[in-house]
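Asks: Next comes final26.tsv, TSV, C-alpha atoms:
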chain	number	residue	atom	x	y	z
A	1	MET	CA	19.00	-17.31	-14.57
A	2	ARG	CA	18.31	-18.38	-11.01
A	3	GLN	CA	20.04	-15.63	-9.12
A	4	ALA	CA	18.21	-15.99	-5.80
A	5	HIS	CA	19.18	-19.66	-5.67
A	6	THR	CA	22.80	-18.74	-6.35
A	7	ILE	CA	22.77	-16.18	-3.54
A	8	LEU	CA	21.17	-18.70	-1.17
A	9	ARG	CA	23.90	-21.23	-1.98
A	10	ARG	CA	26.54	-18.55	-1.47
A	11	TRP	CA	25.06	-17.63	1.91
A	12	LEU	CA	24.83	-21.27	3.02
A	13	ALA	CA	28.43	-21.87	2.03
A	14	ALA	CA	29.65	-18.76	3.86
A	15	GLU	CA	27.58	-19.63	6.90
A	16	ARG	CA	29.05	-23.12	7.11
A	17	ARG	CA	32.58	-21.85	6.61
A	18	GLY	CA	31.99	-19.40	9.45
A	19	GLY	CA	32.86	-16.36	7.35
A	20	ALA	CA	30.70	-13.78	9.08
A	21	ALA	CA	31.34	-10.87	6.68
A	22	ALA	CA	30.69	-12.94	3.54
A	23	SER	CA	27.65	-14.51	5.18
A	24	GLU	CA	26.23	-11.11	6.12
A	25	ARG	CA	26.75	-9.77	2.60
A	26	ALA	CA	25.05	-12.76	1.00
A	27	LEU	CA	22.18	-12.74	3.48
A	28	ALA	CA	21.54	-9.04	2.83
A	29	GLU	CA	21.46	-9.78	-0.91
A	30	LEU	CA	19.11	-12.70	-0.34
A	31	LEU	CA	16.66	-10.82	1.87
A	32	ALA	CA	16.62	-7.97	-0.65
A	33	TRP	CA	14.84	-10.42	-2.97
A	34	LEU	CA	11.88	-10.68	-0.64
A	35	PRO	CA	8.93	-8.68	-1.95
A	36	GLU	CA	8.19	-5.37	-0.32
A	37	ALA	CA	4.84	-4.85	1.37
A	38	ARG	CA	2.97	-1.72	0.46
A	39	PRO	CA	-0.10	-0.32	2.19
A	40	ARG	CA	-3.38	0.04	0.34
A	41	PRO	CA	-3.86	3.19	-1.77
A	42	GLY	CA	-4.83	6.23	0.27
A	43	PHE	CA	-2.59	5.27	3.20
A	44	GLY	CA	-0.98	8.73	3.25
A	45	ASP	CA	-4.42	10.40	3.36
A	46	ARG	CA	-5.47	8.17	6.24
A	47	VAL	CA	-2.30	8.96	8.18
A	48	MET	CA	-2.79	12.69	7.60
A	49	ALA	CA	-6.44	12.47	8.73
A	50	ALA	CA	-5.57	10.38	11.79
A	51	ALA	CA	-2.80	12.78	12.78
A	52	GLY	CA	-5.20	15.71	12.42
A	53	LEU	CA	-3.18	17.26	9.61
A	54	PRO	CA	-4.79	18.99	6.62
A	55	PRO	CA	-4.85	16.78	3.55
A	56	THR	CA	-2.45	17.59	0.74
A	57	TYR	CA	-3.35	16.63	-2.78
A	58	SER	CA	-1.03	15.73	-5.55
A	59	ALA	CA	-1.16	18.50	-8.08
A	60	VAL	CA	-1.07	16.32	-11.15
A	61	ALA	CA	-3.46	18.50	-13.17
A	62	ALA	CA	-3.51	21.71	-11.19
A	63	PRO	CA	-2.66	24.60	-13.57
A	64	PRO	CA	-0.84	27.63	-12.20
A	65	ILE	CA	-3.08	30.43	-10.87
A	66	TRP	CA	-1.96	33.04	-13.45
A	67	LEU	CA	-3.04	30.77	-16.31
A	68	GLY	CA	-6.58	30.48	-14.89
A	69	ARG	CA	-6.81	34.26	-14.51
A	70	ALA	CA	-5.62	34.85	-18.07
A	71	LEU	CA	-8.24	32.40	-19.40
A	72	VAL	CA	-11.04	34.18	-17.51
A	73	ALA	CA	-9.86	37.57	-18.87
A	74	VAL	CA	-9.86	36.31	-22.48
A	75	CYS	CA	-13.37	34.84	-22.04
A	76	LEU	CA	-14.69	38.13	-20.65
A	77	LEU	CA	-13.17	40.06	-23.55
A	78	LEU	CA	-14.71	37.76	-26.16
A	79	THR	CA	-18.13	38.03	-24.44
A	80	ALA	CA	-17.93	41.83	-24.50
A	81	VAL	CA	-17.12	41.86	-28.23
A	82	ALA	CA	-19.99	39.41	-28.93
A	83	VAL	CA	-22.48	41.53	-26.95
A	84	ALA	CA	-21.47	44.65	-28.90
A	85	TYR	CA	-22.25	42.92	-32.21
A	86	LEU	CA	-25.52	41.35	-30.99
A	87	PRO	CA	-28.02	44.16	-31.98
A	88	ALA	CA	-26.53	44.39	-35.49
A	89	LEU	CA	-26.80	40.61	-35.87
A	90	ALA	CA	-30.45	40.64	-34.68
A	91	MET	CA	-31.30	43.34	-37.22
A	92	LEU	CA	-29.68	41.30	-40.01
A	93	VAL	CA	-31.72	38.21	-39.10
A	94	ALA	CA	-34.96	40.25	-38.83
A	95	ARG	CA	-34.43	41.65	-42.34
A	96	GLN	CA	-34.10	38.18	-43.82
A	97	LEU	CA	-37.32	36.75	-42.29
A	98	THR	CA	-41.00	37.52	-43.05
A	99	LEU	CA	-43.99	36.99	-40.75
A	100	ALA	CA	-45.18	34.10	-42.96
A	101	ASP	CA	-41.83	32.33	-42.48
A	102	VAL	CA	-42.08	32.59	-38.70
A	103	LEU	CA	-45.70	31.33	-38.61
A	104	SER	CA	-44.86	28.41	-40.91
A	105	ALA	CA	-41.90	27.40	-38.71
A	106	MET	CA	-44.10	27.53	-35.61
A	107	ALA	CA	-46.74	25.32	-37.24
A	108	GLN	CA	-44.10	22.78	-38.32
A	109	SER	CA	-42.67	22.67	-34.81
A	110	LEU	CA	-46.12	22.06	-33.33
A	111	THR	CA	-46.78	19.16	-35.73
A	112	ALA	CA	-43.42	17.58	-34.96
A	113	ALA	CA	-44.04	17.87	-31.19
A	114	ILE	CA	-47.46	16.16	-31.54
A	115	ASP	CA	-45.87	13.33	-33.53
A	116	TYR	CA	-43.19	12.79	-30.85
A	117	LEU	CA	-45.84	12.80	-28.11
A	118	ALA	CA	-47.91	10.16	-29.94
A	119	ALA	CA	-44.81	7.96	-30.36
A	120	ALA	CA	-43.97	8.29	-26.65
A	121	MET	CA	-47.52	7.32	-25.67
A	122	ALA	CA	-47.36	4.20	-27.87
A	123	ILE	CA	-44.14	3.12	-26.14
A	124	GLY	CA	-45.72	3.83	-22.75
A	125	LYS	CA	-48.67	1.60	-23.62
A	126	THR	CA	-46.34	-1.27	-24.51
A	127	PHE	CA	-44.53	-0.91	-21.18
A	128	ALA	CA	-47.83	-0.74	-19.27
A	129	ALA	CA	-48.92	-4.03	-20.89
A	130	LEU	CA	-45.59	-5.63	-19.95
A	131	TYR	CA	-45.89	-4.35	-16.37
A	132	GLU	CA	-49.40	-5.78	-16.00
A	133	ALA	CA	-48.27	-9.19	-17.28
A	134	MET	CA	-45.31	-9.25	-14.89
A	135	LEU	CA	-47.47	-8.13	-11.98
A	136	ARG	CA	-49.87	-11.01	-12.61
A	137	VAL	CA	-47.00	-13.50	-12.54
A	138	VAL	CA	-45.23	-12.03	-9.52
A	139	THR	CA	-48.35	-11.80	-7.37
A	140	ALA	CA	-49.16	-15.48	-7.86
A	141	PRO	CA	-48.93	-16.95	-4.29
A	142	PRO	CA	-46.01	-19.45	-4.73
A	143	LEU	CA	-43.90	-16.97	-6.65
A	144	ALA	CA	-44.68	-14.14	-4.24
A	145	LEU	CA	-43.56	-16.37	-1.35
A	146	ALA	CA	-40.29	-17.21	-3.08
A	147	TRP	CA	-39.72	-13.56	-3.92
A	148	LEU	CA	-40.41	-12.47	-0.34
A	149	SER	CA	-38.14	-15.12	1.19
A	150	THR	CA	-35.33	-14.14	-1.20
A	151	LEU	CA	-35.77	-10.53	-0.12
A	152	VAL	CA	-35.59	-11.47	3.57
A	153	PHE	CA	-32.56	-13.70	2.99
A	154	SER	CA	-30.62	-11.05	1.08
A	155	THR	CA	-31.45	-8.39	3.69
A	156	LEU	CA	-30.13	-10.63	6.47
A	157	THR	CA	-27.01	-11.45	4.43
A	158	LEU	CA	-26.32	-7.78	3.78
A	159	ARG	CA	-26.68	-6.99	7.50
A	160	TRP	CA	-24.24	-9.79	8.34
A	161	LEU	CA	-21.75	-8.51	5.77
A	162	ALA	CA	-22.07	-4.95	7.08
A	163	ARG	CA	-21.19	-6.21	10.58
A	164	LEU	CA	-18.15	-7.99	9.21
A	165	LEU	CA	-16.78	-4.75	7.83
A	166	SER	CA	-15.10	-3.25	10.85
A	167	PRO	CA	-15.45	0.52	11.28
A	168	GLN	CA	-11.66	0.51	11.87
A	169	ARG	CA	-11.16	0.05	8.14
A	170	SER	CA	-12.73	3.42	7.51
A	171	PRO	CA	-10.47	6.15	6.08
A	172	ARG	CA	-11.32	8.21	9.14
A	173	TYR	CA	-10.05	5.56	11.59
A	174	VAL	CA	-7.95	7.09	14.36
A	175	PRO	CA	-6.23	4.70	16.80
A	176	THR	CA	-7.35	5.42	20.34
A	177	HIS	CA	-4.62	3.52	22.16
B	1	MET	CA	4.34	24.78	-9.05
B	2	ARG	CA	3.06	22.25	-6.55
B	3	ARG	CA	4.40	19.41	-8.63
B	4	SER	CA	7.84	20.95	-8.54
B	5	ALA	CA	7.49	21.29	-4.75
B	6	THR	CA	6.79	17.54	-4.54
B	7	ARG	CA	9.79	16.78	-6.73
B	8	GLU	CA	11.91	19.00	-4.53
B	9	THR	CA	10.82	17.33	-1.27
B	10	ALA	CA	11.67	13.96	-2.78
B	11	THR	CA	15.34	14.84	-2.89
B	12	ILE	CA	15.89	16.69	0.40
B	13	ARG	CA	17.49	15.05	3.41
B	14	ASP	CA	15.50	13.57	6.26
B	15	ALA	CA	16.47	16.17	8.87
B	16	GLU	CA	15.50	19.00	6.54
B	17	LEU	CA	12.22	17.22	5.82
B	18	VAL	CA	11.44	17.08	9.53
B	19	ARG	CA	12.38	20.75	9.92
B	20	ARG	CA	9.96	21.67	7.14
B	21	ALA	CA	7.21	19.49	8.62
B	22	LEU	CA	7.64	21.19	11.98
B	23	ALA	CA	7.41	24.53	10.19
B	24	GLY	CA	3.96	23.46	8.99
B	25	SER	CA	4.59	22.01	5.53
B	26	GLY	CA	1.92	19.40	4.79
B	27	GLU	CA	3.92	18.28	1.77
B	28	ALA	CA	6.86	17.44	4.07
B	29	TYR	CA	4.61	15.21	6.20
B	30	ARG	CA	3.39	13.50	3.07
B	31	GLU	CA	6.93	12.97	1.86
B	32	ILE	CA	7.87	11.32	5.17
B	33	VAL	CA	5.01	8.86	4.71
B	34	ARG	CA	5.88	8.30	1.05
B	35	ARG	CA	9.53	7.70	1.84
B	36	PHE	CA	9.07	5.26	4.70
B	37	GLU	CA	5.65	3.59	4.29
B	38	ARG	CA	7.04	0.55	2.47
B	39	PRO	CA	9.98	-0.28	4.78
B	40	VAL	CA	7.82	0.25	7.87
B	41	MET	CA	4.95	-1.78	6.44
B	42	SER	CA	7.31	-4.55	5.23
B	43	LEU	CA	8.82	-4.93	8.68
B	44	ILE	CA	5.49	-4.90	10.53
B	45	VAL	CA	3.70	-7.28	8.18
B	46	ARG	CA	6.47	-9.85	8.61
B	47	MET	CA	6.17	-9.44	12.37
B	48	VAL	CA	2.41	-9.67	12.81
B	49	ARG	CA	1.69	-11.83	9.71
B	50	ASP	CA	-1.60	-10.04	9.02
B	51	PRO	CA	-1.72	-7.26	6.39
B	52	ALA	CA	-4.76	-5.46	7.85
B	53	THR	CA	-3.27	-5.33	11.35
B	54	ALA	CA	0.10	-4.37	9.87
B	55	GLU	CA	-1.45	-1.43	8.09
B	56	ASP	CA	-3.15	-0.23	11.26
B	57	LEU	CA	0.14	-0.52	13.14
B	58	ALA	CA	2.00	1.29	10.35
B	59	GLN	CA	-0.59	4.06	10.51
B	60	GLU	CA	-0.22	4.21	14.28
B	61	THR	CA	3.57	4.44	13.83
B	62	PHE	CA	3.34	7.48	11.57
B	63	VAL	CA	0.67	9.17	13.70
B	64	LYS	CA	2.80	8.74	16.84
B	65	ALA	CA	5.85	9.98	14.96
B	66	PHE	CA	4.06	13.10	13.74
B	67	ARG	CA	2.68	13.86	17.18
B	68	ASN	CA	6.17	13.57	18.68
B	69	LEU	CA	8.16	15.01	15.79
B	70	ARG	CA	9.69	17.70	18.06
B	71	ARG	CA	11.41	14.91	20.01
B	72	TYR	CA	13.22	13.65	16.93
B	73	ASP	CA	16.97	14.15	17.17
B	74	PRO	CA	18.18	15.22	13.70
B	75	ARG	CA	21.59	13.63	14.33
B	76	ARG	CA	19.90	10.23	14.20
B	77	LYS	CA	18.53	8.51	11.12
B	78	LEU	CA	14.82	9.20	10.63
B	79	ALA	CA	14.38	5.59	9.49
B	80	SER	CA	15.82	4.26	12.76
B	81	TRP	CA	13.55	6.53	14.78
B	82	LEU	CA	10.49	5.37	12.82
B	83	PHE	CA	11.57	1.72	13.13
B	84	LYS	CA	11.85	2.19	16.89
B	85	ILE	CA	8.27	3.49	17.05
B	86	ALA	CA	7.14	0.64	14.79
B	87	HIS	CA	9.05	-1.84	16.99
B	88	ASN	CA	7.26	-0.58	20.12
B	89	ALA	CA	3.85	-0.57	18.45
B	90	THR	CA	4.39	-4.10	17.14
B	91	LEU	CA	5.68	-5.33	20.49
B	92	ASP	CA	2.63	-3.87	22.27
B	93	HIS	CA	0.39	-5.59	19.76
B	94	LEU	CA	2.17	-8.94	20.14
B	95	ARG	CA	2.08	-8.65	23.92
B	96	LYS	CA	-1.64	-7.98	23.77
B	97	LYS	CA	-1.99	-11.10	21.70
B	98	SER	CA	0.31	-12.98	24.10
B	99	LEU	CA	2.42	-14.17	21.23
B	100	ASP	CA	5.73	-12.56	21.99
B	101	THR	CA	7.60	-15.64	23.20
B	102	VAL	CA	6.14	-18.41	21.06
B	103	PRO	CA	6.12	-18.97	17.30
B	104	LEU	CA	3.36	-16.89	15.80
B	105	GLU	CA	1.70	-19.66	13.87
B	106	PRO	CA	1.63	-23.40	13.79
B	107	ALA	CA	4.57	-24.64	11.75
B	108	ASP	CA	2.54	-25.79	8.76
B	109	ALA	CA	0.54	-22.62	8.27
B	110	ALA	CA	3.25	-20.14	9.09
B	111	GLY	CA	3.29	-17.14	6.82
B	112	GLU	CA	0.92	-18.44	4.17
B	113	GLY	CA	-1.61	-15.61	4.39
B	114	SER	CA	0.83	-12.75	4.43
B	115	TRP	CA	2.91	-14.32	1.68
B	116	GLU	CA	-0.03	-14.06	-0.66
B	117	VAL	CA	-0.23	-10.33	0.03
B	118	LEU	CA	3.50	-9.74	-0.10
B	119	SER	CA	4.06	-11.66	-3.25
B	120	ALA	CA	1.52	-9.97	-5.51
B	121	PRO	CA	3.37	-10.89	-8.72
B	122	ALA	CA	2.28	-7.75	-10.55
B	123	ALA	CA	4.36	-5.71	-8.13
B	124	TRP	CA	7.53	-7.62	-8.93
B	125	ALA	CA	10.10	-6.93	-11.54
B	126	PRO	CA	9.61	-9.47	-14.36
B	127	ASP	CA	12.91	-11.26	-13.67
B	128	ARG	CA	11.95	-11.81	-10.05
B	129	ARG	CA	8.48	-12.94	-11.05
B	130	ALA	CA	9.86	-15.52	-13.41
B	131	GLU	CA	12.56	-16.66	-11.06
B	132	SER	CA	12.35	-18.03	-7.62
B	133	ALA	CA	8.81	-17.54	-6.34
B	134	GLU	CA	9.00	-20.92	-4.66
B	135	LEU	CA	12.34	-20.24	-3.02
B	136	LEU	CA	11.24	-16.81	-1.79
B	137	ALA	CA	7.99	-18.24	-0.46
B	138	GLY	CA	10.07	-20.79	1.44
B	139	LEU	CA	12.38	-18.10	2.75
B	140	ASP	CA	9.44	-16.05	3.93
B	141	ARG	CA	7.98	-19.16	5.57
B	142	ALA	CA	11.28	-19.83	7.33
B	143	LEU	CA	11.30	-16.25	8.60
B	144	ALA	CA	7.74	-16.70	9.86
B	145	ARG	CA	8.80	-19.71	11.90
B	146	MET	CA	11.58	-17.81	13.66
B	147	ARG	CA	11.35	-16.21	17.07
B	148	PRO	CA	9.86	-12.73	16.59
B	149	ASN	CA	12.86	-10.89	18.07
B	150	TYR	CA	15.31	-12.85	15.88
B	151	ARG	CA	13.15	-12.26	12.83
B	152	GLU	CA	12.97	-8.54	13.53
B	153	ILE	CA	16.70	-8.08	14.12
B	154	LEU	CA	17.47	-10.04	10.97
B	155	LEU	CA	15.13	-7.94	8.83
B	156	LEU	CA	16.30	-4.65	10.30
B	157	ARG	CA	19.96	-5.52	9.82
B	158	PHE	CA	19.97	-7.31	6.49
B	159	ARG	CA	16.91	-5.97	4.72
B	160	GLU	CA	16.75	-2.41	5.99
B	161	GLY	CA	20.51	-2.09	6.39
B	162	LEU	CA	20.59	-0.68	9.92
B	163	ALA	CA	23.99	-0.38	11.60
B	164	TYR	CA	24.67	-2.17	14.91
B	165	ARG	CA	24.38	1.15	16.80
B	166	ASP	CA	20.96	1.84	15.22
B	167	LEU	CA	19.83	-1.72	15.94
B	168	ALA	CA	20.81	-1.29	19.59
B	169	GLU	CA	18.74	1.90	19.74
B	170	VAL	CA	15.71	0.48	17.97
B	171	MET	CA	15.60	-2.72	20.02
B	172	GLU	CA	16.85	-1.13	23.24
B	173	LEU	CA	19.61	-3.69	23.65
B	174	PRO	CA	23.31	-3.40	24.48
B	175	MET	CA	25.60	-3.66	21.47
B	176	GLY	CA	26.98	-7.03	22.61
B	177	THR	CA	23.49	-8.51	22.86
B	178	VAL	CA	22.67	-7.22	19.38
B	179	LYS	CA	25.65	-9.09	17.94
B	180	ILE	CA	24.79	-12.28	19.83
B	181	GLN	CA	21.15	-12.09	18.75
B	182	LEU	CA	22.13	-11.52	15.14
B	183	HIS	CA	24.41	-14.54	15.21
B	184	ARG	CA	21.66	-16.71	16.76
B	185	ALA	CA	19.09	-15.33	14.30
B	186	ARG	CA	21.26	-16.37	11.35
B	187	LYS	CA	21.67	-19.82	12.83
B	188	GLN	CA	17.93	-20.16	13.38
B	189	LEU	CA	17.15	-19.06	9.82
B	190	LEU	CA	19.58	-21.67	8.53
B	191	HIS	CA	17.98	-24.30	10.75
B	192	GLU	CA	14.47	-23.39	9.56
B	193	LEU	CA	15.57	-23.51	5.92
B	194	GLU	CA	17.03	-26.94	6.53
B	195	LYS	CA	13.77	-28.09	8.10
B	196	LEU	CA	11.86	-26.81	5.05
B	197	GLY	CA	14.26	-28.65	2.76
B	198	LEU	CA	15.60	-25.47	1.17
B	199	ALA	CA	19.08	-25.94	2.55
B	200	PRO	CA	20.89	-29.28	2.72
B	201	ALA	CA	21.53	-30.34	6.32
B	202	GLY	CA	25.06	-30.05	7.83
B	203	ALA	CA	26.90	-33.26	6.82
B	204	GLU	CA	25.26	-33.44	3.40
B	205	ALA	CA	26.14	-29.83	2.72
B	206	ALA	CA	29.76	-30.39	3.64
B	207	LYS	CA	29.93	-33.12	1.01
B	208	GLN	CA	28.35	-30.86	-1.62
B	209	GLU	CA	30.54	-27.88	-0.89
B	210	PRO	CA	33.26	-27.61	-3.53
B	211	ALA	CA	36.88	-27.71	-2.49
B	212	THR	CA	37.47	-24.29	-4.02
B	213	SER	CA	35.07	-22.58	-1.64
B	214	ARG	CA	36.83	-24.23	1.29
B	215	ARG	CA	40.12	-22.86	0.00
B	216	VAL	CA	38.59	-19.37	-0.20
B	217	ALA	CA	37.39	-19.74	3.36
B	218	THR	CA	40.87	-20.26	4.68
B	219	LYS	CA	41.99	-16.99	3.10
B	220	GLU	CA	39.17	-14.98	4.73
B	221	SER	CA	40.24	-12.78	7.58
B	222	PRO	CA	38.92	-13.80	11.03
B	223	GLU	CA	35.66	-11.97	11.93
Can you dump the structure from the file as C-alpha cells?
Replies:
Amino acid sequence: MRQAHTILRRWLAAERRGGAAASERALAELLAWLPEARPRPGFGDRVMAAAGLPPTYSAVAAPPIWLGRALVAVCLLLTAVAVAYLPALAMLVARQLTLADVLSAMAQSLTAAIDYLAAAMAIGKTFAALYEAMLRVVTAPPLALAWLSTLVFSTLTLRWLARLLSPQRSPRYVPTH
Amino acid sequence: MRRSATRETATIRDAELVRRALAGSGEAYREIVRRFERPVMSLIVRMVRDPATAEDLAQETFVKAFRNLRRYDPRRKLASWLFKIAHNATLDHLRKKSLDTVPLEPADAAGEGSWEVLSAPAAWAPDRRAESAELLAGLDRALARMRPNYREILLLRFREGLAYRDLAEVMELPMGTVKIQLHRARKQLLHELEKLGLAPAGAEAAKQEPATSRRVATKESPE
C-alpha cells in the first residue's frame, strides 16, 4: 500500500482543478505523514530548570507514604521480638560448645588465613615480575618517545573536543536573550 | 498517588492546566511541556533546519511562556499562544542570521540535515517506515526550499490544524493576507515538488488526469 503517494496524487489533482476545499483536505492529510520532531530526552527538565521552576519527577516507582511507614513498623516489631529471644539463644549455643571446640576452630581459622595470605603473595610476585618486564620495555627510548607523543596528541585532541562541546548544551543552559 | 495525578493532568483542558500552573502546580507545567513539545519542536525545526538550534528555540519558547503565563487569555487556544511565541523566537533567530527573506539553504542541500533527524525510522509506525520514505524526504525538501513565511503558514494551517483566525493572530497578519499567503504557499509547494520531479508539470499532469476526476471537479461547489 502506497498511501502517501495516493494522497499526493489526490492533492495534485485537486490543486490543478482549483478545488480549494478538496486541496486543503488532501494537503493536510499529506503533511500529517511528515515525521514529528521530538526534543532530546530530558527536555522537560531543562525547561523547568531554565524557567526557575522546581523539578518534578515521574513517580513510576514511588510507593505511597503509608506503605513505607507500615513496612518500617513491621521491621521494628520483628527486631524487638528477635532481641527478646537473643539471650536464650546465646545460652543454648553456649551449652552446646566446649572450650576445646572453640580453641580448635580458632586454630583452623588461623591456618586457613595463613594459607590465603601465602597464595596472595605468590600472585603479587607474578604481577611484580610482569610489571618489571613491562617497565623495561616501556622505558626503552624509542618506545618512550612514541608513548609520550601519543599522550600529548590525545591530550590536545581531548582539549579540542571539549571546546567543541558548547556550554549551551548543558542541562542548566538558560537563554539570556 | 502521583502517577494518578499525572494521568489526571493528561486529560484536563488547556485553560484548566494553565490555571493549575499559575496556582503553583509543577505537574501542570510539566504537562504543558509534554503536550506541546512535539508540535512546537516540529514547527521550529522545519523553520531553522537545525535540530540543536530548534531545541534551544523550543526551550526559549516554553520559558517565555511560563514567565508570561499570567498574560495568557484562556479564551484562546494554548497551542496558538505557544505557536505565536515560537514564531517570534524563530523570526528573531532568522533575522539575526539574516536569512528571513532568502531561501535558507542552497537548493541542492536544502533540508538534508534536519531530514535525517526528523526521519529517525525507529520513531515511525511500521507502515510509514515501509512506505514512502523517499516521497516524504522529497516533500520535506520541497518545504525547505520554500520561503520561510510560506512554509510556516502551510505547516501551521495544514499540519497543526490552526484556524484562519488563529493563523492571523500567530503571524500578526490580517485575515485577507493570511488567505492570500496560504494560496501562494500551496502554489509554491506544488512548484517545488514539480522541480524535484515529485509532481508532473502542468501540461503533462493534465494529460495524466483521468476524465472522472475532471467530472468530479465540475460538481464541486465554488470556493
Asks: May I ask for the distance between atom CA of Tyr29 of chain B and atom CA of Thr90 of chain B, given in Å to one decimal place?
Replies: 22.2 Å
Asks: Using all atoms listed in the file, find the one residue out of B:Arg38, B:His93, B:Arg13, B:Arg19 that sits nearest to chain A.
Replies: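 Closest to chain A of all the choices is B:Arg38.
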Asks: Could you write out as a VMD selection string the residues of chain A within 8 Å of chain B, counting only C-alpha atoms?
Replies: chain A and resid 1 to 5 12 to 14 17 19 to 21 24 27 to 29 31 to 39 43 to 44 46 to 48 50 to 51 53 to 56 58 to 60 64 175
Asks: Distance atom CA of Leu162 of chain B-atom CA of Arg40 of chain A, one decimal place?
Replies: 25.8 Å
Asks: State, in Å with one decimal place, the distance from atom CA of Lys179 of chain B to atom CA of Pro74 of chain B.
Replies: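 Separation of atom CA of Lys179 of chain B and atom CA of Pro74 of chain B: 25.8 Å.
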Asks: Can you tell me, as lines of an AutoDock Vina configuration file, the centre and edge lengths (Å, one decimal) of the axis-aligned box enclosing all of segment 32-40 of chain B's listed atoms after padding each side by 5 Å?
Replies:
center_x = 7.5
center_y = 5.5
center_z = 4.5
size_x = 15.0
size_y = 21.6
size_z = 16.8
Asks: Could you check which of B:Asn88, B:Ser80, B:Gln188, B:Asn68 is closest to Tyr150 of chain B, using all atoms listed in the file?
Replies: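 With all atoms listed in the file as the atom set, the closest residue is B:Gln188.
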Asks: Within 7 Å of segment 166-170 of chain B, counting only C-alpha atoms, which residues qualify if same-chain residues fewer than 4 places away don't, as a list in words?
Replies: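 The residues satisfying every condition are Ser80, Phe83, Lys84, Leu162, Pro174, Met175 and Val178 of chain B.
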Asks: Could you complete segment 66-83 of chain B so that it carries N, CA and C atoms, and give it back as a short mmCIF file (atom, residue, chain, number, x, y, z; two decimals), in the frame of the given file?
Replies:
data_model
loop_
_atom_site.label_atom_id
_atom_site.label_comp_id
_atom_site.auth_asym_id
_atom_site.auth_seq_id
_atom_site.Cartn_x
_atom_site.Cartn_y
_atom_site.Cartn_z
N PHE B 66 4.41 11.71 14.04
CA PHE B 66 4.06 13.10 13.74
C PHE B 66 3.72 13.87 15.01
N ARG B 67 3.06 13.16 15.94
CA ARG B 67 2.68 13.86 17.18
C ARG B 67 3.90 14.15 18.06
N ASN B 68 4.97 13.38 17.85
CA ASN B 68 6.17 13.57 18.68
C ASN B 68 7.36 14.03 17.84
N LEU B 69 7.08 14.66 16.73
CA LEU B 69 8.16 15.01 15.79
C LEU B 69 9.19 15.96 16.43
N ARG B 70 8.75 16.77 17.40
CA ARG B 70 9.69 17.70 18.06
C ARG B 70 10.76 16.94 18.85
N ARG B 71 10.43 15.68 19.22
CA ARG B 71 11.41 14.91 20.01
C ARG B 71 12.46 14.23 19.14
N TYR B 72 12.27 14.31 17.84
CA TYR B 72 13.22 13.65 16.93
C TYR B 72 14.57 14.37 16.97
N ASP B 73 15.62 13.59 17.14
CA ASP B 73 16.97 14.15 17.17
C ASP B 73 17.55 14.08 15.76
N PRO B 74 17.75 15.24 15.12
CA PRO B 74 18.18 15.22 13.70
C PRO B 74 19.53 14.56 13.46
N ARG B 75 20.30 14.31 14.54
CA ARG B 75 21.59 13.63 14.33
C ARG B 75 21.39 12.14 14.06
N ARG B 76 20.19 11.66 14.44
CA ARG B 76 19.90 10.23 14.20
C ARG B 76 19.22 10.05 12.84
N LYS B 77 19.22 8.81 12.39
CA LYS B 77 18.53 8.51 11.12
C LYS B 77 17.03 8.53 11.37
N LEU B 78 16.28 9.17 10.48
CA LEU B 78 14.82 9.20 10.63
C LEU B 78 14.25 7.78 10.53
N ALA B 79 14.86 6.97 9.66
CA ALA B 79 14.38 5.59 9.49
C ALA B 79 14.50 4.83 10.81
N SER B 80 15.63 4.98 11.50
CA SER B 80 15.82 4.26 12.76
C SER B 80 14.78 4.70 13.79
N TRP B 81 14.53 6.01 13.82
CA TRP B 81 13.55 6.53 14.78
C TRP B 81 12.16 5.96 14.49
N LEU B 82 11.81 5.92 13.20
CA LEU B 82 10.49 5.37 12.82
C LEU B 82 10.44 3.87 13.12
N PHE B 83 11.54 3.16 12.85
CA PHE B 83 11.57 1.72 13.13
C PHE B 83 11.42 1.47 14.64
#
